[in-house]
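Shown here: coords_12.txt, compact mmCIF, C-alpha atoms.
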```txt
# COMPACT_ATOMS: atom_id res chain seq x y z
CA MET A 65 77.99 79.53 113.60
CA LYS A 66 80.40 77.75 115.85
CA ASN A 67 82.76 76.46 113.24
CA GLU A 68 83.45 76.33 109.55
CA ASN A 69 82.39 72.70 109.07
CA GLN A 70 78.92 73.42 110.35
CA LEU A 71 78.79 76.38 108.02
CA ASP A 72 79.84 74.20 105.08
CA GLU A 73 77.04 71.76 105.90
CA LYS A 74 74.50 74.55 106.10
CA LEU A 75 75.64 76.04 102.83
CA ALA A 76 75.41 72.64 101.16
CA SER A 77 71.83 72.06 102.30
CA ASP A 78 69.11 71.76 99.67
CA SER A 79 67.30 74.90 100.79
CA MET A 80 70.48 76.96 100.50
CA LYS A 81 71.25 75.44 97.12
CA SER A 82 67.80 76.32 95.87
CA ILE A 83 68.33 79.93 96.91
CA ALA A 84 71.67 79.90 95.13
CA LYS A 85 69.88 78.63 92.03
CA LEU A 86 67.33 81.43 92.25
CA VAL A 87 70.14 83.96 92.30
CA LYS A 88 71.94 82.21 89.47
CA ASP A 89 68.81 82.15 87.32
CA LEU A 90 68.05 85.85 87.65
CA PRO A 91 67.88 87.36 84.18
CA GLU A 92 70.95 89.00 82.76
CA GLU A 93 70.68 92.52 81.43
CA ILE A 94 72.87 93.62 78.55
CA PRO A 95 73.84 97.29 78.46
CA SER A 96 72.38 99.34 75.62
CA MET A 97 74.06 99.92 72.26
CA ASN A 98 74.31 103.59 73.14
CA TRP A 99 76.21 102.68 76.29
CA ARG A 100 78.53 100.51 74.26
CA SER A 101 79.26 103.17 71.66
CA GLN A 102 80.02 105.66 74.43
CA LEU A 103 82.42 103.15 75.94
CA ASN A 104 84.08 102.59 72.56
CA GLU A 105 84.62 106.33 72.19
CA ARG A 106 86.18 106.52 75.63
CA ILE A 107 88.45 103.56 74.93
CA LEU A 108 89.56 105.10 71.63
CA ALA A 109 90.24 108.37 73.41
CA GLU A 110 92.33 106.46 75.94
CA ALA A 111 94.17 104.65 73.16
CA LYS A 112 95.06 107.73 71.08
CA PRO A 113 97.52 109.58 73.31
CA LYS A 114 99.62 106.47 73.87
CA PRO A 115 101.32 106.30 70.44
CA LYS A 116 102.10 110.03 70.64
CA LEU A 117 103.76 109.59 73.98
CA ASP A 118 105.73 106.63 72.68
CA LEU A 119 106.77 108.53 69.58
CA GLN A 120 107.90 111.49 71.66
CA ARG A 121 109.81 109.19 73.93
CA TRP A 122 111.55 107.50 71.02
CA LEU A 123 112.48 110.85 69.53
CA LEU A 124 113.48 112.49 72.76
CA ARG A 125 115.66 109.70 74.08
CA PRO A 126 118.38 109.90 71.35
CA ALA A 127 118.09 113.68 71.20
CA LEU A 128 118.71 113.95 74.92
CA GLY A 129 121.61 111.52 74.69
CA LEU A 130 123.21 113.42 71.85
CA GLY A 131 122.79 116.72 73.65
CA LEU A 132 124.40 115.35 76.77
CA ALA A 133 127.29 113.86 74.80
CA ALA A 134 127.86 117.18 73.00
CA ALA A 135 127.86 119.10 76.26
CA LEU A 136 130.42 116.73 77.78
CA ALA A 137 132.59 116.96 74.65
CA VAL A 138 132.58 120.75 74.82
CA ALA A 139 133.38 120.70 78.51
CA PHE A 140 136.23 118.20 78.53
CA VAL A 141 137.56 117.59 75.04
CA ILE A 142 137.08 120.52 72.69
CA ARG A 143 137.84 123.31 75.21
CA PRO A 144 141.61 124.14 75.01
CA VAL A 145 143.87 123.66 78.01
CA ALA A 146 144.34 126.95 79.87
CA SER A 147 148.00 127.68 79.04
CA ASP A 148 147.92 131.26 77.84
CA SER A 149 149.84 133.82 79.80
CA THR A 150 147.48 136.66 79.31
CA GLY A 151 145.36 135.82 82.28
CA SER A 152 145.66 137.37 85.67
CA THR A 153 146.32 134.32 87.77
CA VAL A 154 149.60 133.88 89.64
CA GLU A 155 150.58 131.07 87.31
CA SER A 156 149.93 133.19 84.23
CA LEU A 157 151.98 136.09 85.61
CA MET A 158 154.89 133.77 86.48
CA ILE A 159 154.88 132.30 82.99
CA ALA A 160 154.74 135.76 81.41
CA THR A 161 157.65 136.99 83.55
CA HIS A 162 159.67 133.93 82.67
CA GLN A 163 159.03 134.39 78.95
CA ASP A 164 160.08 138.06 79.15
CA ASP A 165 163.28 137.12 80.94
CA VAL A 166 164.12 134.51 78.34
CA ASN A 167 163.48 137.01 75.54
CA TYR A 168 165.64 139.69 77.11
CA ALA A 169 168.41 137.24 77.92
CA SER A 170 168.53 136.06 74.35
CA VAL A 171 169.05 139.69 73.19
CA THR A 172 171.26 141.17 75.93
CA GLY A 173 173.10 138.14 77.15
CA ALA A 174 173.83 137.25 80.75
CA GLY A 175 173.26 139.86 83.43
CA LEU A 176 170.46 141.24 85.40
CA SER A 177 167.20 140.08 84.35
CA VAL A 178 164.46 142.50 83.58
CA SER A 179 162.77 141.76 86.80
CA GLU A 180 166.01 142.33 88.70
CA MET A 181 166.83 145.64 87.03
CA LYS A 182 165.94 148.96 88.67
CA ASP A 183 165.14 152.03 86.78
CA TYR A 184 167.95 154.55 87.50
CA SER A 185 166.86 157.18 85.00
CA SER A 186 164.93 159.13 87.61
CA PRO A 187 166.70 158.70 90.95
CA THR A 188 164.52 159.06 93.95
CA PRO A 189 165.47 161.79 96.42
CA VAL A 190 167.45 160.59 99.41
CA SER A 191 165.41 160.96 102.46
CA ASP A 192 168.32 160.71 104.94
CA PRO A 193 169.62 164.31 105.55
CA LEU A 194 173.05 163.00 106.50
CA LEU A 195 173.50 161.49 103.10
CA ASP A 196 172.15 164.48 101.25
CA LEU A 197 175.26 166.04 99.72
CA ASP A 198 173.38 169.11 98.51
CA VAL A 199 173.27 170.58 102.01
CA PHE A 200 177.02 170.99 101.93
CA MET B 1106 85.38 81.40 75.91
CA GLU B 1107 88.01 78.66 75.70
CA ALA B 1108 91.03 78.97 77.96
CA GLY B 1109 93.50 79.22 75.09
CA ALA B 1110 91.45 81.80 73.24
CA GLU B 1111 91.00 83.84 76.40
CA GLU B 1112 94.72 83.73 77.10
CA ALA B 1113 95.47 85.00 73.59
CA LEU B 1114 92.86 87.72 74.00
CA ILE B 1115 94.33 88.78 77.33
CA ASP B 1116 97.81 88.97 75.81
CA ARG B 1117 96.51 91.31 73.13
CA CYS B 1118 94.63 93.37 75.73
CA ARG B 1119 97.88 93.75 77.70
CA LYS B 1120 99.32 95.39 74.57
CA GLN B 1121 96.42 97.87 74.54
CA ASP B 1122 94.92 96.30 71.44
CA VAL B 1123 91.60 98.14 71.11
CA GLU B 1124 89.97 95.48 68.96
CA ALA B 1125 90.89 92.72 71.41
CA PHE B 1126 89.69 94.81 74.30
CA GLY B 1127 86.36 95.26 72.49
CA LYS B 1128 85.98 91.48 72.47
CA PHE B 1129 86.90 91.38 76.13
CA VAL B 1130 84.13 93.92 76.84
CA ASP B 1131 81.68 91.83 74.80
CA ALA B 1132 82.50 88.80 76.94
CA TYR B 1133 82.10 90.49 80.31
CA GLN B 1134 79.86 93.55 79.92
CA ALA B 1135 76.57 91.88 80.91
CA ARG B 1136 78.03 90.17 83.94
CA VAL B 1137 79.83 93.26 85.19
CA PHE B 1138 76.80 95.45 84.51
CA GLY B 1139 74.54 92.99 86.36
CA PHE B 1140 76.89 92.92 89.34
CA VAL B 1141 77.28 96.69 89.48
CA LYS B 1142 73.57 97.35 89.01
CA ARG B 1143 72.70 95.13 91.95
CA MET B 1144 75.45 96.73 94.01
CA VAL B 1145 74.42 100.35 93.39
CA ASN B 1146 70.66 99.73 92.96
CA ASN B 1147 70.42 102.24 90.12
CA ALA B 1148 70.56 101.49 86.39
CA ASP B 1149 71.96 104.87 85.25
CA GLU B 1150 74.59 104.89 87.93
CA ALA B 1151 75.41 101.28 87.13
CA ALA B 1152 75.95 102.20 83.48
CA ASP B 1153 78.44 104.92 84.49
CA VAL B 1154 80.28 102.71 86.95
CA THR B 1155 80.45 99.82 84.49
CA GLN B 1156 82.02 102.10 81.88
CA GLU B 1157 84.53 103.21 84.46
CA VAL B 1158 85.31 99.57 85.29
CA PHE B 1159 86.23 98.84 81.68
CA ILE B 1160 88.19 102.07 81.28
CA ARG B 1161 90.21 101.21 84.39
CA ALA B 1162 90.70 97.69 83.09
CA TYR B 1163 91.95 99.03 79.75
CA GLN B 1164 94.33 101.46 81.46
CA SER B 1165 95.79 98.87 83.80
CA PHE B 1166 95.72 95.75 81.63
CA ALA B 1167 99.48 96.00 81.07
CA ARG B 1168 99.92 95.54 84.81
CA PHE B 1169 97.65 92.48 85.00
CA ASP B 1170 100.12 89.80 86.03
CA GLY B 1171 97.88 86.76 85.62
CA ARG B 1172 98.32 85.56 89.21
CA SER B 1173 94.56 85.64 89.60
CA SER B 1174 92.03 84.95 86.86
CA VAL B 1175 91.08 87.88 84.67
CA ARG B 1176 87.50 87.53 85.96
CA THR B 1177 88.67 87.87 89.59
CA TRP B 1178 90.77 90.88 88.62
CA LEU B 1179 87.89 92.52 86.73
CA PHE B 1180 85.37 91.99 89.52
CA ARG B 1181 87.85 93.34 92.03
CA ILE B 1182 87.95 96.56 90.00
CA ALA B 1183 84.16 96.58 89.82
CA ASN B 1184 83.78 95.95 93.52
CA ASN B 1185 86.26 98.68 94.46
CA LEU B 1186 84.54 101.20 92.19
CA CYS B 1187 81.13 100.35 93.67
CA ILE B 1188 82.50 100.91 97.16
CA ASP B 1189 84.18 104.18 96.08
CA ARG B 1190 80.96 105.41 94.48
CA SER B 1191 79.00 104.56 97.58
CA ARG B 1192 81.46 106.47 99.76
CA GLN B 1193 81.44 109.47 97.42
CA LEU B 1194 77.69 109.66 97.59
CA GLY B 1195 77.83 109.32 101.35
CA ARG B 1196 75.50 106.38 101.39
CA THR B 1197 75.10 104.55 104.62
CA PRO B 1198 75.27 100.81 104.17
CA ASN B 1199 71.99 98.97 104.14
CA SER B 1200 71.37 97.63 107.57
CA VAL B 1201 69.40 94.43 107.32
CA GLY B 1202 69.81 92.93 110.77
CA LEU B 1203 71.19 89.68 109.55
CA VAL B 1204 74.20 89.28 111.74
CA SER B 1205 72.34 89.75 114.99
CA ASP B 1206 69.56 87.47 113.80
CA PHE B 1207 71.62 84.45 112.91
CA GLU B 1208 75.14 84.67 114.27
CA ASP B 1209 74.33 82.82 117.48
CA GLY B 1210 73.87 79.56 115.64
CA GLU B 1211 70.13 79.85 115.56
CA GLU B 1212 68.58 77.34 113.22
CA MET B 1213 66.30 78.77 110.60
CA ASP B 1214 62.93 77.14 110.46
CA PHE B 1215 61.76 76.42 106.95
CA SER B 1216 59.37 73.68 107.96
CA ASP B 1217 56.36 75.43 106.50
CA SER B 1218 54.62 72.99 104.18
CA ARG B 1219 54.40 75.64 101.50
CA TRP B 1220 58.14 76.15 101.58
CA GLN B 1221 59.28 73.87 98.81
CA PRO B 1222 62.37 75.51 97.39
CA GLU B 1223 62.96 72.78 94.83
CA ALA B 1224 59.62 73.70 93.31
CA LEU B 1225 60.45 77.38 93.04
CA MET B 1226 60.17 78.73 89.53
CA LEU B 1227 61.35 82.20 88.68
CA ASP B 1228 58.38 84.11 87.39
CA ALA B 1229 58.39 87.86 86.98
CA GLU B 1230 56.96 88.41 90.43
CA LEU B 1231 59.44 86.14 92.18
CA ILE B 1232 62.29 87.74 90.25
CA GLN B 1233 61.17 91.06 91.66
CA VAL B 1234 61.03 89.60 95.17
CA VAL B 1235 64.52 88.16 94.91
CA GLU B 1236 65.90 91.40 93.41
CA SER B 1237 64.31 93.38 96.26
CA GLY B 1238 65.76 90.96 98.79
CA ILE B 1239 69.22 91.46 97.30
CA ALA B 1240 68.78 95.24 97.23
CA GLU B 1241 67.96 95.25 100.96
CA MET B 1242 71.23 93.58 101.88
CA SER B 1243 74.34 95.33 103.09
CA GLU B 1244 77.08 95.68 100.49
CA LYS B 1245 79.24 93.14 102.29
CA LEU B 1246 76.62 90.40 102.07
CA LYS B 1247 75.47 91.35 98.61
CA MET B 1248 78.89 91.24 97.00
CA VAL B 1249 79.66 87.78 98.41
CA LEU B 1250 76.27 86.43 97.31
CA LEU B 1251 76.62 87.83 93.79
CA LEU B 1252 80.21 86.72 93.31
CA HIS B 1253 79.50 83.20 94.56
CA ASP B 1254 76.01 82.40 93.36
CA ARG B 1255 75.94 84.42 90.12
CA GLU B 1256 79.56 84.55 89.06
CA GLU B 1257 80.28 81.08 90.47
CA MET B 1258 83.53 82.20 92.04
CA SER B 1259 85.09 79.87 94.59
CA TYR B 1260 85.35 80.88 98.24
CA GLU B 1261 89.08 81.36 97.73
CA GLU B 1262 88.61 83.61 94.71
CA ILE B 1263 86.12 85.75 96.60
CA ALA B 1264 88.42 85.90 99.61
CA GLU B 1265 91.19 87.12 97.31
CA THR B 1266 88.95 89.59 95.51
CA LEU B 1267 87.62 91.13 98.71
CA SER B 1268 90.76 90.63 100.82
CA ILE B 1269 88.87 88.80 103.56
CA PRO B 1270 89.33 85.33 105.11
CA VAL B 1271 87.59 82.33 103.53
CA GLY B 1272 85.64 81.76 106.74
CA THR B 1273 84.24 85.27 106.51
CA VAL B 1274 83.20 84.61 102.91
CA LYS B 1275 81.26 81.54 104.02
CA SER B 1276 79.55 83.23 106.93
CA ARG B 1277 78.54 86.21 104.78
CA LEU B 1278 77.24 83.88 102.08
CA PHE B 1279 75.21 81.99 104.66
CA LEU B 1280 73.72 85.20 106.04
CA ALA B 1281 72.93 86.51 102.57
CA ARG B 1282 71.19 83.30 101.51
CA ALA B 1283 69.36 83.10 104.80
CA HIS B 1284 68.03 86.60 104.25
CA LEU B 1285 66.85 85.69 100.77
CA GLN B 1286 65.24 82.54 102.12
CA SER B 1287 63.27 84.54 104.64
CA VAL B 1288 62.22 87.04 101.96
CA VAL B 1289 61.07 84.30 99.58
CA LYS B 1290 59.35 82.42 102.37
CA ARG B 1291 57.49 85.56 103.42
CA TYR B 1292 56.41 86.12 99.82
CA MET B 1293 55.13 82.55 99.56
CA THR B 1294 53.36 82.47 102.91
CA GLU B 1295 51.77 85.87 102.39
CA GLY B 1296 50.06 84.70 99.27
CA GLY B 1297 52.45 85.28 96.43
CA ASN B 1298 51.99 81.72 95.22
CA ASP B 1299 48.45 81.19 96.40
```

Is it possible to express this structure as structure tokens?
Amino acid sequence: MKNENQLDEKLASDSMKSIAKLVKDLPEEIPSMNWRSQLNERILAEAKPKPKLDLQRWLLRPALGLGLAAALAVAFVIRPVASDSTGSTVESLMIATHQDDVNYASVTGAGLSVSEMKDYSSPTPVSDPLLDLDVF
Amino acid sequence: MEAGAEEALIDRCRKQDVEAFGKFVDAYQARVFGFVKRMVNNADEAADVTQEVFIRAYQSFARFDGRSSVRTWLFRIANNLCIDRSRQLGRTPNSVGLVSDFEDGEEMDFSDSRWQPEALMLDAELIQVVESGIAEMSEKLKMVLLLHDREEMSYEEIAETLSIPVGTVKSRLFLARAHLQSVVKRYMTEGGND
């Protein structure tokens, strides 16, 4: 066919229309009752899981939300601020030292602080022989 | 089915209403089964494929957007499943030499005095001849012929269903009808109606 108009004319011809009518008038066959009942079973099987999935989704959504909210609350709100001095970080040691100094100062008054005091109860031997008076 | 009633039924089907879908199946089962049976040329296989068509329709009804008619949508599913089944079974397409016979603009000669198409009456024998003629066709010709002449779809609807240009729909329809004409003519001239 050279163009669509020619094709339209051909398709509209009586002989083509009569063939179309033959095709249209072919008998229709209805599937069996057995076929239909099988299809119904399959459709019902398809339909059943859907409500379960929806129910699960409706139950899981708030549960997941609550769980997430609880985890965030534990992480950022309920957990106490790390201010104890019993830890081993530099900050903890500095705070502990400061608290000891304040305690000692309140008992002994002004003077050397605990951290500044040296223990003179067991003098270390002098290593310089010139200063060692025992040799004389 | 009236347009309003069908629209209401489709709305219920979109919501996976089993009862409504049952009515939808009632309305279309014979037409879909007829189409599929002529496409696959086997009644048992057609029954399986037709069931699959309706199961797919049920599963995807929620996604049916109404841009095309529900009939176009349903036959698109049917057509795709027929093609898939054919590929799975490794069938080679029927190769009636229609394109080479008529694509050069050759006029078909139906001047035989016994060729009086307007007088054709479908008796059991002629039904068999027409069915055989359809069965001989390639899938491409067959699907256009069935969708246009049986399902009364417009060229545009068929073009949309098969994702082909309207011009291709027309040329395939012409070739399909021309093949049937030659089959019927042969039957009449060889003594079928004598």

Could you list, as a ChimeraX atom specification, every residue of chain A that has an atom within 9 Å of an atom of chain B, counting only C-alpha atoms? /A:65-68,71-72,74-75,78-95,99-100,102-104,106-108,110-111

Between atom CA of Met97 of chain A and atom CA of Ala1108 of chain B, what is the distance in Å, rounded to a tenth? 27.6 Å

Computed gap from atom CA of Val1158 of chain B to atom CA of Lys1245 of chain B is 19.2 Å

Rank nothing, just name the residue among B:Ser1243, B:Thr1294, B:Ser1259, B:Ser1165 nearest to Ile1188 of chain B, using all atoms listed in the file. B:Ser1243

d(atom CA of Gly1171 of chain B, atom CA of Arg1277 of chain B) in Å: 27.2 Å

Among the residues B:Ser1268, B:Ala1183, B:Val1175, B:Glu1261, the one that comes closest to Arg1143 of chain B [using all atoms listed in the file]: B:Ala1183
